[in-house]
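Engineer: The structure that follows is given in the form of structure tokens.
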Amino acid sequence: MARPAPQTHGEILAAAAKRFAVTGYRGTSLQDIASEVGCSKAAVLYHFANKEAILTELMAPAIEVLRALDERIAAQPEPASAQRVAAEGFVDLAVRFRGEIALLRGEFPELLQQPDFAHIQQISERLLAALAGRSERASARIAAFVLLAGIAETCGEFSDVADEELRDALLALLRRALAPVH
């Protein structure tokens with residue numbers, strides 16, 4: 001016997017997050033989400049226009065923090081201060097939203113192709129430039145890219161590590177790995 005239709009967005013969001021974590025965004029259908037909740041696909045569509053709308057709502061808090069970080073970075077006049085703000089801000093974001101980041105493992109490039117997430121590409125490029133100390137040197141840009149990707153992957157992988165311990169370890173790594181900005 002099927003459960004009654006979900007009472008809130010929350011049930012659907014929780015089920016979608018669980019399915020995305022197991023089979024990925026691409027590998028999850030609306031029917032999979034409905035089955036996880038115990039309702040019909042129509043009930044899911046009553047609450048959300050499509051699968052992208054579910055993902056958009058799941059990611060909205062993290063995206064808002066990323067936008068705020070982008071504004072803080074843009075307000076930094078010096079490359080060194082922009083690098084520090086970028087490093088600390090991205091680590092804080094990645095630790096705080098590590099569950100959401102884990103949902104997107106391996107699917108970030110495809111996600112950026114979706115209209116609701118297209119602006120994240122520009123923010124990511126500015127974050128990368130700031131972390132590289134606004135340097136055009138290939139070595140600085142490569143280091144920044146590897147660190148950003150590695151931080152995101154690490155936060156998704158080490159869910160058993162306390163937030164503060166993870167944050168401290170990641171910031172120590174960034175300080176060692178990034179070239180000082182002069």
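By order of appearance in the structure tokens: chains A, B, ..., then residues from 1 within every chain, and ligands from 1 in the order shown.
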Name the residues in contact with Gly150 of chain A at a cut-off of 12 Å, using only C-alpha atoms, excluding same-chain residues fewer than 2 positions from it; report them as a list in words.
Structural biologist: Phe90, Val91, Ala94, Ile101, Arg105, Ile142, Ala143, Ala144, Phe145, Val146, Leu147, Leu148, Ala152, Glu153, Thr154, Cys155, Gly156, Glu157, Phe158, Leu170, Leu173, Leu174 and Ala177 of chain A
Engineer: With segment 25-39 of chain A as the partner and 10 Å as the cut-off, tabulate the residues of segment 52-99 of chain A that qualify, each row holding the nearest pair of atoms and their distance in Å to one decimal, using only C-alpha atoms, sorted by chain and rising number, as a tab-separated table.
Structural biologist:
residue	atom	partner	partner_atom	distance
A:Glu52	CA	A:Tyr25	CA	9.1
A:Ile54	CA	A:Leu30	CA	9.6
A:Leu55	CA	A:Tyr25	CA	8.2
Engineer: Please run DSSP on the backbone and report, as a PyMOL selection string, all residues within segment 109-163 of chain A that come out as alpha helix (DSSP H).
Structural biologist: chain A and resi 109-111+119-131+138-157+163
Engineer: What lies within 9 Å of segment 71-77 of chain A using only C-alpha atoms, ignoring chain neighbours under 4 positions off, as a PyMOL selection string?
Structural biologist: chain A and resi 66-67+81-86+89+126-127+130
